[in-house]
file final_19.cif (mmCIF, C-alpha atoms)
data_protein
#
loop_
_atom_site.label_atom_id
_atom_site.label_comp_id
_atom_site.auth_asym_id
_atom_site.auth_seq_id
_atom_site.Cartn_x
_atom_site.Cartn_y
_atom_site.Cartn_z
CA MET A 21 41.05 -98.02 -4.47
CA THR A 22 43.32 -98.85 -7.42
CA ASN A 23 43.61 -96.03 -9.94
CA ASN A 24 42.72 -96.73 -13.55
CA PHE A 25 45.51 -98.48 -15.43
CA ASP A 26 47.02 -96.73 -18.41
CA LEU A 27 45.57 -98.29 -21.55
CA ASN A 28 49.05 -99.19 -22.80
CA THR A 29 49.61 -101.13 -19.59
CA LEU A 30 46.22 -102.78 -19.95
CA ARG A 31 46.98 -103.81 -23.53
CA SER A 32 50.37 -105.29 -22.54
CA ILE A 33 48.81 -107.24 -19.67
CA ALA A 34 46.06 -108.54 -21.96
CA GLU A 35 48.68 -109.86 -24.38
CA ILE A 36 50.52 -111.68 -21.58
CA ILE A 37 47.36 -113.22 -20.15
CA GLY A 38 46.36 -114.20 -23.69
CA ASP A 39 49.54 -116.30 -23.78
CA ILE A 40 48.68 -117.90 -20.45
CA LEU A 41 44.99 -118.80 -20.89
CA THR A 42 42.97 -120.65 -23.49
CA HIS A 43 39.68 -119.17 -24.76
CA LYS A 44 37.78 -121.54 -22.49
CA GLN A 45 39.87 -120.55 -19.49
CA ILE A 46 39.26 -116.87 -20.30
CA ASP A 47 35.52 -117.53 -20.18
CA GLU A 48 35.90 -119.26 -16.81
CA GLN A 49 38.04 -116.49 -15.33
CA PHE A 50 35.70 -113.76 -16.59
CA LEU A 51 32.81 -115.57 -14.91
CA ASN A 52 34.71 -116.02 -11.65
CA ALA A 53 35.73 -112.35 -11.63
CA ASN A 54 32.22 -111.12 -12.58
CA ILE A 55 33.54 -109.53 -15.77
CA ILE A 56 31.31 -109.55 -18.86
CA ASP A 57 32.94 -110.35 -22.19
CA SER A 58 32.62 -107.17 -24.27
CA GLY A 59 32.27 -109.21 -27.43
CA GLU A 60 34.94 -107.13 -29.13
CA GLY A 61 37.79 -108.94 -30.82
CA THR A 62 38.15 -112.59 -31.77
CA ASN A 63 41.71 -113.23 -30.59
CA LYS A 64 42.51 -113.71 -26.91
CA PRO A 65 44.44 -110.47 -26.23
CA ASP A 66 41.69 -108.35 -27.82
CA ARG A 67 38.94 -110.14 -25.89
CA ILE A 68 40.76 -109.58 -22.62
CA TYR A 69 41.77 -105.99 -23.36
CA HIS A 70 38.33 -104.72 -24.39
CA SER A 71 36.56 -106.55 -21.56
CA LEU A 72 38.95 -105.22 -18.90
CA LYS A 73 38.84 -101.74 -20.41
CA ARG A 74 35.03 -101.72 -20.25
CA LYS A 75 35.05 -102.96 -16.64
CA GLN A 76 37.58 -100.32 -15.64
CA ASN A 77 35.48 -97.58 -17.26
CA GLN A 78 32.33 -98.82 -15.53
CA ASP A 79 34.01 -98.95 -12.11
CA ASN A 80 36.08 -95.79 -12.64
CA CYS A 81 38.93 -97.66 -10.98
CA ALA A 82 41.07 -100.76 -11.59
CA ASN A 83 40.01 -102.73 -8.52
CA ASN A 84 38.26 -105.50 -10.44
CA VAL A 85 40.85 -105.48 -13.20
CA LEU A 86 43.58 -106.09 -10.63
CA SER A 87 41.47 -108.76 -8.95
CA PHE A 88 41.17 -110.53 -12.32
CA ILE A 89 44.95 -110.41 -12.81
CA LEU A 90 45.52 -111.82 -9.33
CA ARG A 91 43.21 -114.73 -10.13
CA ILE A 92 45.51 -115.59 -13.02
CA ILE A 93 48.86 -115.02 -11.28
CA ASN A 94 47.90 -117.17 -8.32
CA PRO A 95 50.32 -119.88 -7.14
CA LYS A 96 47.34 -122.19 -6.54
CA ARG A 97 46.79 -122.32 -10.32
CA TYR A 98 50.29 -123.61 -10.95
CA GLY A 99 51.89 -126.98 -10.39
CA ASP A 100 55.29 -125.69 -11.49
CA GLU A 101 57.09 -122.90 -9.63
CA VAL A 102 59.21 -122.09 -12.68
CA ALA A 103 56.10 -121.46 -14.79
CA PHE A 104 54.55 -119.35 -12.04
CA GLU A 105 57.68 -117.22 -11.65
CA LYS A 106 57.94 -116.73 -15.41
CA ASP A 107 54.36 -115.44 -15.66
CA ARG A 108 54.64 -113.39 -12.46
CA THR A 109 57.79 -111.71 -13.77
CA ARG A 110 56.18 -110.84 -17.10
CA ILE A 111 53.09 -109.36 -15.47
CA ASN A 112 55.12 -107.47 -12.86
CA GLU A 113 57.22 -105.85 -15.57
CA LYS A 114 54.02 -104.12 -16.75
CA LEU A 115 52.34 -103.57 -13.37
CA LEU A 116 55.41 -101.75 -12.07
CA TYR A 117 54.53 -98.83 -14.35
CA GLU A 118 51.33 -98.55 -12.29
CA GLY A 119 53.15 -98.82 -8.97
CA ILE A 120 51.98 -102.37 -8.27
CA GLU A 121 53.86 -105.62 -7.83
CA ILE A 122 52.65 -109.18 -7.25
CA ASN A 123 54.68 -111.04 -4.62
CA LYS A 124 55.51 -114.74 -4.45
CA ALA A 125 52.28 -115.44 -2.57
CA GLY A 126 50.26 -113.97 -5.44
CA GLU A 127 49.37 -110.81 -3.48
CA ALA A 128 49.50 -107.25 -4.84
CA LYS A 129 51.50 -104.60 -3.02
CA THR A 130 52.05 -100.91 -3.69
CA VAL A 131 55.54 -99.92 -4.82
CA ASP A 132 57.23 -96.97 -6.49
CA LYS A 133 56.32 -96.66 -10.14
CA ALA A 134 58.89 -97.73 -12.72
CA LYS A 135 59.77 -94.98 -15.19
CA THR A 136 61.95 -96.74 -17.76
CA ILE A 137 62.02 -100.09 -19.57
CA SER A 138 65.34 -101.12 -17.99
CA GLU A 139 64.08 -100.23 -14.52
CA ALA A 140 60.91 -102.26 -14.97
CA LYS A 141 62.88 -105.25 -16.26
CA ARG A 142 65.44 -105.06 -13.49
CA ARG A 143 62.87 -104.81 -10.73
CA SER A 144 60.58 -107.49 -12.15
CA LEU A 145 63.45 -109.95 -12.57
CA LYS A 146 64.68 -109.25 -9.04
CA ILE A 147 68.28 -109.82 -10.08
CA LYS A 148 69.72 -109.18 -6.63
CA GLU A 149 67.29 -111.44 -4.76
CA ARG A 150 68.27 -114.82 -3.44
CA VAL A 151 68.22 -117.70 -5.92
CA HIS A 152 67.09 -121.05 -4.48
CA GLY A 153 68.02 -119.79 -1.01
CA ILE A 154 71.53 -118.74 -2.03
CA GLY A 155 72.53 -115.10 -2.32
CA ILE A 156 74.08 -114.42 -5.73
CA HIS A 157 77.78 -113.67 -5.24
CA TYR A 158 78.69 -110.02 -5.81
CA GLU A 159 81.46 -110.97 -8.27
CA ILE A 160 78.96 -112.54 -10.68
CA LEU A 161 76.38 -109.81 -11.34
CA PRO A 162 78.63 -107.35 -13.23
CA TYR A 163 79.33 -110.07 -15.79
CA CYS A 164 75.77 -111.16 -16.58
CA GLU A 165 73.35 -108.39 -15.54
CA SER A 166 73.03 -106.84 -19.01
CA GLU A 167 72.39 -110.20 -20.69
CA TRP A 168 69.93 -111.18 -17.96
CA LEU A 169 67.95 -107.95 -18.32
CA ASN A 170 67.69 -108.55 -22.06
CA GLU A 171 66.65 -112.18 -21.44
CA ASN A 172 69.69 -113.35 -23.39
CA TYR A 173 70.22 -116.38 -21.19
CA PHE A 174 72.51 -118.12 -23.69
CA HIS A 175 75.18 -115.42 -23.33
CA ALA A 176 74.40 -114.82 -19.66
CA ILE A 177 75.56 -118.37 -18.92
CA LEU A 178 78.82 -117.76 -20.78
CA GLU A 179 79.40 -114.56 -18.83
CA ILE A 180 78.72 -116.27 -15.50
CA THR A 181 81.41 -118.87 -16.24
CA LYS A 182 83.80 -116.06 -17.20
CA SER A 183 83.34 -114.56 -13.74
CA VAL A 184 84.76 -117.74 -12.20
CA ALA A 185 87.71 -117.94 -14.63
CA GLN A 186 88.60 -114.29 -14.06
CA ARG A 187 88.45 -114.72 -10.27
CA LEU A 188 90.91 -117.62 -10.54
CA ARG A 189 93.27 -115.46 -12.61
CA GLN A 190 93.05 -112.65 -10.10
CA LYS A 191 93.76 -115.03 -7.23
CA SER A 192 96.66 -116.83 -8.90
CA GLY A 193 98.20 -114.44 -11.39
CA TYR A 194 97.97 -117.06 -14.15
CA SER A 195 96.56 -116.15 -17.56
CA SER A 196 95.32 -119.51 -18.87
CA ASP A 197 91.70 -120.67 -19.01
CA GLY A 198 89.34 -123.55 -18.26
CA GLY A 199 90.66 -126.87 -17.01
CA GLU A 200 94.27 -125.82 -17.55
CA LEU A 201 93.76 -122.82 -15.28
CA VAL A 202 92.15 -124.96 -12.60
CA ASP A 203 95.07 -127.43 -12.70
CA GLU A 204 97.58 -124.60 -12.42
CA CYS A 205 95.73 -123.16 -9.44
CA PHE A 206 94.81 -126.29 -7.49
CA GLY A 207 96.99 -129.08 -8.91
CA LEU A 208 98.85 -130.78 -6.07
CA GLY A 209 101.57 -132.45 -8.05
CA LYS A 210 103.87 -135.07 -6.54
CA ASP A 211 105.06 -132.70 -3.82
CA LYS A 212 101.51 -131.57 -2.89
CA LYS A 213 102.31 -127.89 -3.36
CA PRO A 214 99.39 -126.11 -5.05
CA MET A 215 99.30 -122.43 -5.94
CA LEU A 216 95.95 -121.92 -4.17
CA ALA A 217 94.31 -123.63 -1.22
CA PHE A 218 91.44 -123.01 1.20
CA ASN A 219 92.56 -125.37 3.97
CA MET A 220 95.89 -126.44 5.48
CA LEU A 221 96.19 -129.67 3.44
CA GLN A 222 97.42 -131.47 6.53
CA THR A 223 95.00 -134.38 6.63
CA GLU A 224 93.70 -136.83 4.05
CA SER A 225 90.28 -135.29 4.50
CA GLU A 226 91.58 -131.80 3.70
CA ILE A 227 93.51 -133.08 0.69
CA SER A 228 90.43 -134.92 -0.54
CA GLU A 229 88.34 -131.77 -0.16
CA HIS A 230 90.96 -129.78 -2.07
CA LYS A 231 91.00 -132.27 -4.96
CA GLY A 232 87.22 -132.47 -4.98
CA PHE A 233 86.85 -128.73 -5.32
CA GLY A 234 89.31 -128.62 -8.22
CA ASN A 235 87.37 -131.35 -10.02
CA PHE A 236 84.13 -129.54 -9.25
CA VAL A 237 85.37 -126.33 -10.90
CA LYS A 238 86.69 -128.22 -13.93
CA GLY A 239 83.32 -129.93 -14.24
CA PHE A 240 81.61 -126.54 -14.04
CA PHE A 241 83.60 -125.29 -17.04
CA SER A 242 83.06 -128.50 -19.00
CA MET A 243 79.33 -128.64 -18.36
CA TYR A 244 78.32 -125.02 -18.75
CA ARG A 245 80.97 -123.10 -20.67
CA ASN A 246 82.40 -125.44 -23.28
CA PRO A 247 79.10 -126.65 -24.81
CA LYS A 248 77.80 -123.06 -24.92
CA ALA A 249 80.97 -121.88 -26.60
CA HIS A 250 80.93 -124.53 -29.30
CA ASP A 251 77.24 -125.11 -30.08
CA PRO A 252 75.37 -122.70 -32.38
CA LYS A 253 73.02 -120.45 -30.45
CA LEU A 254 70.06 -121.44 -32.60
CA MET A 255 70.60 -125.10 -31.68
CA GLU A 256 70.25 -124.36 -27.99
CA ASP A 257 67.03 -124.19 -25.99
CA THR A 258 68.54 -122.25 -23.14
CA GLN A 259 65.99 -121.21 -20.53
CA LEU A 260 65.91 -119.02 -17.47
CA THR A 261 65.87 -122.15 -15.29
CA GLU A 262 69.23 -123.29 -16.69
CA MET A 263 70.77 -119.88 -16.11
CA THR A 264 69.49 -119.96 -12.54
CA GLU A 265 71.19 -123.34 -12.07
CA VAL A 266 74.48 -121.91 -13.35
CA LEU A 267 74.12 -118.93 -11.00
CA VAL A 268 73.75 -121.24 -8.02
CA VAL A 269 76.78 -123.37 -8.95
CA ALA A 270 78.92 -120.31 -9.73
CA THR A 271 77.95 -118.77 -6.39
CA ILE A 272 79.05 -121.91 -4.54
CA ILE A 273 82.42 -121.70 -6.29
CA GLN A 274 82.82 -117.97 -5.71
CA ASN A 275 81.98 -118.37 -2.01
CA LYS A 276 84.74 -120.97 -1.70
CA LEU A 277 87.17 -118.72 -3.55
CA ASP A 278 86.49 -116.00 -0.97
CA ASN A 279 88.40 -118.18 1.50
CA THR A 280 91.09 -119.31 -0.92
CA TYR A 281 94.63 -118.01 -0.48
CA LYS A 282 98.03 -118.23 -2.13
CA THR A 283 100.03 -120.93 -0.41
CA GLY A 284 103.43 -119.41 -1.15
CA LEU A 285 104.56 -122.84 -2.30
CA LYS A 286 104.55 -121.79 -5.96
#
call {"tool": "encode", "arguments": {"input": "final_19.cif", "output": "structure tokens"}}
result
Amino acid sequence: MTNNFDLNTLRSIAEIIGDILTHKQIDEQFLNANIIDSGEGTNKPDRIYHSLKRKQNQDNCANNVLSFILRIINPKRYGDEVAFEKDRTRINEKLLYEGIEINKAGEAKTVDKAKTISEAKRRSLKIKERVHGIGIHYEILPYCESEWLNENYFHAILEITKSVAQRLRQKSGYSSDGGELVDECFGLGKDKKPMLAFNMLQTESEISEHKGFGNFVKGFFSMYRNPKAHDPKLMEDTQLTEMTEVLVVATIIQNKLDNTYKTGLK
């Protein structure tokens, strides 16, 4: 049996579901879940809140309320994984206060209750989980975790790119930035003597790989850092999906830098 939800939790969940469903869809989901519309409230959050509150009081438990929520946060309802994850994260942030979490399969599981706002956000966002099958590199999180928790994806992207630049400085000892820093670190020059390398540079294939990585890192800065640094925040429509993309690319770079060494040639 699921214990009654706190009414503050119920209100927050009703507001989220009100963003997800239309009035017609609310009617359909109430019917499917055998929940009677209380008739209280004309806006969507109020309709959902009062109807779920009445059902919870009648049952003296939240079993049917939770069942209703699971009907909404069901991967079968979604054609877009990004949209599903966005809604699942928002609902989980509130359910965690009740000791419940919805997994990627749309199933509820019992977990420890969240006690603070930051804890609920951190756990619902699953910052330290794998992103698109790639584990987020440990050097990245300290730079962007605060911005991520506050859903400030615009600045999170900037901080993620800074993690790469700072790693290059630490590896090389140089103090420059962006493309100039990359050239100083990986530029071969006429004598093919770079500051940093991750292979022996003895074959054309190894040299090609070395050049390719340098160009890849320069492209990373050009694509993700420079536009963000120069464009006004209000002109940007930066979303969680874009930040996730930057995380994946930055992790690929950081993983390669793990195996990068000073050549001793410079």
call {"tool": "resolve_selection", "arguments": {"input": "final_19.cif", "expression": "the PyMOL selection byres ((chain A and resi 270) around 9)", "output": "JSON, numbers by chain"}}
result
{"A": [156, 157, 160, 180, 181, 183, 184, 237, 240, 265, 266, 267, 268, 269, 271, 272, 273, 274, 275]}
call {"tool": "residues_around", "arguments": {"input": "final_19.cif", "residues": "A:Ala103", "least_positions_apart": "2", "cutoff": "12 Å", "atoms": "all atoms listed in the file", "output": "list in words"}}
result
Ile40, Ile93, Asn94, Pro95, Arg97, Tyr98, Gly99, Asp100, Glu101, Glu105, Lys106, Asp107, Arg108, Thr109, Arg110, Gln259, Leu260 and Thr261 of chain A
call {"tool": "resolve_selection", "arguments": {"input": "final_19.cif", "expression": "the PyMOL selection byres ((chain A and resi 245) around 12)", "output": "compact mmCIF listing (two decimals) with C-alpha atoms, in the coordinates of the input"}}
result
# COMPACT_ATOMS: atom_id res chain seq x y z
CA PHE A 174 72.51 -118.12 -23.69
CA HIS A 175 75.18 -115.42 -23.33
CA ALA A 176 74.40 -114.82 -19.66
CA ILE A 177 75.56 -118.37 -18.92
CA LEU A 178 78.82 -117.76 -20.78
CA GLU A 179 79.40 -114.56 -18.83
CA ILE A 180 78.72 -116.27 -15.50
CA THR A 181 81.41 -118.87 -16.24
CA LYS A 182 83.80 -116.06 -17.20
CA SER A 183 83.34 -114.56 -13.74
CA VAL A 184 84.76 -117.74 -12.20
CA ALA A 185 87.71 -117.94 -14.63
CA ASP A 197 91.70 -120.67 -19.01
CA GLY A 198 89.34 -123.55 -18.26
CA GLY A 199 90.66 -126.87 -17.01
CA VAL A 237 85.37 -126.33 -10.90
CA LYS A 238 86.69 -128.22 -13.93
CA GLY A 239 83.32 -129.93 -14.24
CA PHE A 240 81.61 -126.54 -14.04
CA PHE A 241 83.60 -125.29 -17.04
CA SER A 242 83.06 -128.50 -19.00
CA MET A 243 79.33 -128.64 -18.36
CA TYR A 244 78.32 -125.02 -18.75
CA ASN A 246 82.40 -125.44 -23.28
CA PRO A 247 79.10 -126.65 -24.81
CA LYS A 248 77.80 -123.06 -24.92
CA ALA A 249 80.97 -121.88 -26.60
CA HIS A 250 80.93 -124.53 -29.30
CA ASP A 251 77.24 -125.11 -30.08
CA MET A 263 70.77 -119.88 -16.11
CA VAL A 266 74.48 -121.91 -13.35
CA ALA A 270 78.92 -120.31 -9.73
call {"tool": "resolve_selection", "arguments": {"input": "final_19.cif", "expression": "the PyMOL selection byres ((chain A and resi 84-86) around 9)", "output": "mmCIF file with C-alpha atoms, keeping the file's coordinate frame"}}
result
data_model
loop_
_atom_site.group_PDB
_atom_site.id
_atom_site.type_symbol
_atom_site.label_atom_id
_atom_site.label_comp_id
_atom_site.auth_asym_id
_atom_site.auth_seq_id
_atom_site.Cartn_x
_atom_site.Cartn_y
_atom_site.Cartn_z
ATOM 1 C CA THR A 22 43.320 -98.850 -7.420
ATOM 2 C CA ASN A 24 42.720 -96.730 -13.550
ATOM 3 C CA PHE A 25 45.510 -98.480 -15.430
ATOM 4 C CA ALA A 53 35.730 -112.350 -11.630
ATOM 5 C CA ASN A 54 32.220 -111.120 -12.580
ATOM 6 C CA ILE A 55 33.540 -109.530 -15.770
ATOM 7 C CA LEU A 72 38.950 -105.220 -18.900
ATOM 8 C CA LYS A 73 38.840 -101.740 -20.410
ATOM 9 C CA LYS A 75 35.050 -102.960 -16.640
ATOM 10 C CA GLN A 76 37.580 -100.320 -15.640
ATOM 11 C CA ASP A 79 34.010 -98.950 -12.110
ATOM 12 C CA CYS A 81 38.930 -97.660 -10.980
ATOM 13 C CA ALA A 82 41.070 -100.760 -11.590
ATOM 14 C CA ASN A 83 40.010 -102.730 -8.520
ATOM 15 C CA SER A 87 41.470 -108.760 -8.950
ATOM 16 C CA PHE A 88 41.170 -110.530 -12.320
ATOM 17 C CA ILE A 89 44.950 -110.410 -12.810
ATOM 18 C CA LEU A 90 45.520 -111.820 -9.330
ATOM 19 C CA ARG A 91 43.210 -114.730 -10.130
ATOM 20 C CA ALA A 128 49.500 -107.250 -4.840
#
call {"tool": "atom_distance", "arguments": {"input": "final_19.cif", "atom1": "atom CA of A:Glu139", "atom2": "atom CA of A:Asp66"}}
result
27.3 Å
call {"tool": "closest_residue", "arguments": {"input": "final_19.cif", "among": "A:Thr62, A:Ser228, A:Asn77, A:Thr280", "to": "A:Lys212", "atoms": "only C-alpha atoms"}}
result
A:Ser228
call {"tool": "residues_around", "arguments": {"input": "final_19.cif", "residues": "A:Tyr194", "least_positions_apart": "3", "cutoff": "12 Å", "atoms": "all atoms listed in the file", "output": "PDB file with C-alpha atoms, in the coordinates of the input"}}
result
ATOM      1  CA  ALA A 185      87.710-117.940 -14.630  1.00  0.00           C
ATOM      2  CA  GLN A 186      88.600-114.290 -14.060  1.00  0.00           C
ATOM      3  CA  ARG A 187      88.450-114.720 -10.270  1.00  0.00           C
ATOM      4  CA  LEU A 188      90.910-117.620 -10.540  1.00  0.00           C
ATOM      5  CA  ARG A 189      93.270-115.460 -12.610  1.00  0.00           C
ATOM      6  CA  GLN A 190      93.050-112.650 -10.100  1.00  0.00           C
ATOM      7  CA  LYS A 191      93.760-115.030  -7.230  1.00  0.00           C
ATOM      8  CA  ASP A 197      91.700-120.670 -19.010  1.00  0.00           C
ATOM      9  CA  GLY A 198      89.340-123.550 -18.260  1.00  0.00           C
ATOM     10  CA  GLU A 200      94.270-125.820 -17.550  1.00  0.00           C
ATOM     11  CA  LEU A 201      93.760-122.820 -15.280  1.00  0.00           C
ATOM     12  CA  VAL A 202      92.150-124.960 -12.600  1.00  0.00           C
ATOM     13  CA  ASP A 203      95.070-127.430 -12.700  1.00  0.00           C
ATOM     14  CA  GLU A 204      97.580-124.600 -12.420  1.00  0.00           C
ATOM     15  CA  CYS A 205      95.730-123.160  -9.440  1.00  0.00           C
ATOM     16  CA  PHE A 206      94.810-126.290  -7.490  1.00  0.00           C
ATOM     17  CA  MET A 215      99.300-122.430  -5.940  1.00  0.00           C
ATOM     18  CA  LEU A 216      95.950-121.920  -4.170  1.00  0.00           C
ATOM     19  CA  LYS A 286     104.550-121.790  -5.960  1.00  0.00           C
TER      20      LYS A 286
END
call {"tool": "atom_distance", "arguments": {"input": "final_19.cif", "atom1": "atom CA of A:Ala34", "atom2": "atom CA of A:Thr264"}}
result
27.7 Å
call {"tool": "atom_distance", "arguments": {"input": "final_19.cif", "atom1": "atom CA of A:Arg143", "atom2": "atom CA of A:Leu169"}}
result
9.7 Å
call {"tool": "residues_around", "arguments": {"input": "final_19.cif", "residues": "A:Asp26", "least_positions_apart": "4", "cutoff": "9 Å", "atoms": "all atoms listed in the file", "output": "number ranges by chain"}}
result
A: 30-31, 117-118
call {"tool": "residues_near_point", "arguments": {"input": "final_19.cif", "point": "(42.9, -111.5, -29.4)", "cutoff": "12 Å", "atoms": "only C-alpha atoms", "output": "PyMOL selection string"}}
result
chain A and resi 31-32+34-39+41-43+46+59-71
call {"tool": "residues_around", "arguments": {"input": "final_19.cif", "residues": "A:Ser144", "least_positions_apart": "3", "cutoff": "12 Å", "atoms": "all atoms listed in the file", "output": "PyMOL selection string"}}
result
chain A and resi 105-117+119-124+131+133-134+137-141+147-149+168-169
call {"tool": "residues_around", "arguments": {"input": "final_19.cif", "residues": "A:Lys213", "least_positions_apart": "2", "cutoff": "6 Å", "atoms": "all atoms listed in the file", "output": "list in words"}}
result
Leu208, Asp211 and Leu285 of chain A
call {"tool": "closest_residue", "arguments": {"input": "final_19.cif", "among": "A:Thr130, A:Ser225, A:Gly284, A:Gln49", "to": "A:Asn23", "atoms": "only C-alpha atoms"}}
result
A:Thr130
call {"tool": "build_atoms", "arguments": {"input": "final_19.cif", "residues": "stretch 159-167 of chain A", "atoms": "all heavy atoms", "output": "PDB file, in the coordinates of the input"}}
result
ATOM      1  N   GLU A 159      80.526-110.960  -7.145  1.00  0.00           N
ATOM      2  CA  GLU A 159      81.460-110.970  -8.270  1.00  0.00           C
ATOM      3  C   GLU A 159      80.794-111.385  -9.584  1.00  0.00           C
ATOM      4  O   GLU A 159      81.341-111.167 -10.660  1.00  0.00           O
ATOM      5  CB  GLU A 159      82.618-111.949  -7.987  1.00  0.00           C
ATOM      6  CG  GLU A 159      83.566-111.524  -6.877  1.00  0.00           C
ATOM      7  CD  GLU A 159      84.660-110.595  -7.395  1.00  0.00           C
ATOM      8  OE1 GLU A 159      84.656-110.297  -8.606  1.00  0.00           O
ATOM      9  OE2 GLU A 159      85.498-110.169  -6.588  1.00  0.00           O
ATOM     10  N   ILE A 160      79.604-111.979  -9.494  1.00  0.00           N
ATOM     11  CA  ILE A 160      78.960-112.540 -10.680  1.00  0.00           C
ATOM     12  C   ILE A 160      78.121-111.512 -11.429  1.00  0.00           C
ATOM     13  O   ILE A 160      78.160-111.441 -12.667  1.00  0.00           O
ATOM     14  CB  ILE A 160      78.080-113.748 -10.285  1.00  0.00           C
ATOM     15  CG1 ILE A 160      78.953-114.857  -9.681  1.00  0.00           C
ATOM     16  CG2 ILE A 160      77.308-114.273 -11.489  1.00  0.00           C
ATOM     17  CD1 ILE A 160      78.163-116.011  -9.116  1.00  0.00           C
ATOM     18  N   LEU A 161      77.348-110.702 -10.707  1.00  0.00           N
ATOM     19  CA  LEU A 161      76.380-109.810 -11.340  1.00  0.00           C
ATOM     20  C   LEU A 161      76.952-108.880 -12.411  1.00  0.00           C
ATOM     21  O   LEU A 161      76.331-108.706 -13.463  1.00  0.00           O
ATOM     22  CB  LEU A 161      75.654-108.989 -10.272  1.00  0.00           C
ATOM     23  CG  LEU A 161      74.609-109.755  -9.462  1.00  0.00           C
ATOM     24  CD1 LEU A 161      74.050-108.873  -8.361  1.00  0.00           C
ATOM     25  CD2 LEU A 161      73.486-110.242 -10.352  1.00  0.00           C
ATOM     26  N   PRO A 162      78.117-108.258 -12.192  1.00  0.00           N
ATOM     27  CA  PRO A 162      78.630-107.350 -13.230  1.00  0.00           C
ATOM     28  C   PRO A 162      78.858-108.035 -14.572  1.00  0.00           C
ATOM     29  O   PRO A 162      78.842-107.380 -15.614  1.00  0.00           O
ATOM     30  CB  PRO A 162      79.965-106.867 -12.631  1.00  0.00           C
ATOM     31  CG  PRO A 162      79.788-106.995 -11.162  1.00  0.00           C
ATOM     32  CD  PRO A 162      78.965-108.239 -10.985  1.00  0.00           C
ATOM     33  N   TYR A 163      79.068-109.349 -14.559  1.00  0.00           N
ATOM     34  CA  TYR A 163      79.330-110.070 -15.790  1.00  0.00           C
ATOM     35  C   TYR A 163      78.062-110.380 -16.586  1.00  0.00           C
ATOM     36  O   TYR A 163      78.087-110.408 -17.809  1.00  0.00           O
ATOM     37  CB  TYR A 163      80.046-111.392 -15.498  1.00  0.00           C
ATOM     38  CG  TYR A 163      81.493-111.231 -15.126  1.00  0.00           C
ATOM     39  CD1 TYR A 163      81.862-110.900 -13.826  1.00  0.00           C
ATOM     40  CD2 TYR A 163      82.511-111.405 -16.062  1.00  0.00           C
ATOM     41  CE1 TYR A 163      83.200-110.738 -13.472  1.00  0.00           C
ATOM     42  CE2 TYR A 163      83.838-111.251 -15.722  1.00  0.00           C
ATOM     43  CZ  TYR A 163      84.180-110.906 -14.427  1.00  0.00           C
ATOM     44  OH  TYR A 163      85.488-110.752 -14.078  1.00  0.00           O
ATOM     45  N   CYS A 164      76.944-110.621 -15.880  1.00  0.00           N
ATOM     46  CA  CYS A 164      75.770-111.160 -16.580  1.00  0.00           C
ATOM     47  C   CYS A 164      74.528-110.280 -16.500  1.00  0.00           C
ATOM     48  O   CYS A 164      73.507-110.606 -17.109  1.00  0.00           O
ATOM     49  CB  CYS A 164      75.431-112.539 -16.017  1.00  0.00           C
ATOM     50  SG  CYS A 164      74.853-112.519 -14.295  1.00  0.00           S
ATOM     51  N   GLU A 165      74.575-109.170 -15.779  1.00  0.00           N
ATOM     52  CA  GLU A 165      73.350-108.390 -15.540  1.00  0.00           C
ATOM     53  C   GLU A 165      72.734-107.877 -16.839  1.00  0.00           C
ATOM     54  O   GLU A 165      71.524-107.942 -17.041  1.00  0.00           O
ATOM     55  CB  GLU A 165      73.657-107.213 -14.610  1.00  0.00           C
ATOM     56  CG  GLU A 165      72.405-106.493 -14.143  1.00  0.00           C
ATOM     57  CD  GLU A 165      72.680-105.565 -12.983  1.00  0.00           C
ATOM     58  OE1 GLU A 165      73.850-105.174 -12.759  1.00  0.00           O
ATOM     59  OE2 GLU A 165      71.719-105.212 -12.296  1.00  0.00           O
ATOM     60  N   SER A 166      73.555-107.373 -17.752  1.00  0.00           N
ATOM     61  CA  SER A 166      73.030-106.840 -19.010  1.00  0.00           C
ATOM     62  C   SER A 166      72.332-107.921 -19.823  1.00  0.00           C
ATOM     63  O   SER A 166      71.227-107.722 -20.338  1.00  0.00           O
ATOM     64  CB  SER A 166      74.170-106.210 -19.824  1.00  0.00           C
ATOM     65  OG  SER A 166      73.715-105.803 -21.088  1.00  0.00           O
ATOM     66  N   GLU A 167      72.981-109.093 -19.926  1.00  0.00           N
ATOM     67  CA  GLU A 167      72.390-110.200 -20.690  1.00  0.00           C
ATOM     68  C   GLU A 167      71.102-110.694 -20.023  1.00  0.00           C
ATOM     69  O   GLU A 167      70.133-111.059 -20.696  1.00  0.00           O
ATOM     70  CB  GLU A 167      73.389-111.358 -20.812  1.00  0.00           C
ATOM     71  CG  GLU A 167      74.526-111.102 -21.781  1.00  0.00           C
ATOM     72  CD  GLU A 167      75.574-110.142 -21.247  1.00  0.00           C
ATOM     73  OE1 GLU A 167      75.569-109.876 -20.028  1.00  0.00           O
ATOM     74  OE2 GLU A 167      76.387-109.650 -22.047  1.00  0.00           O
TER      75      GLU A 167
END
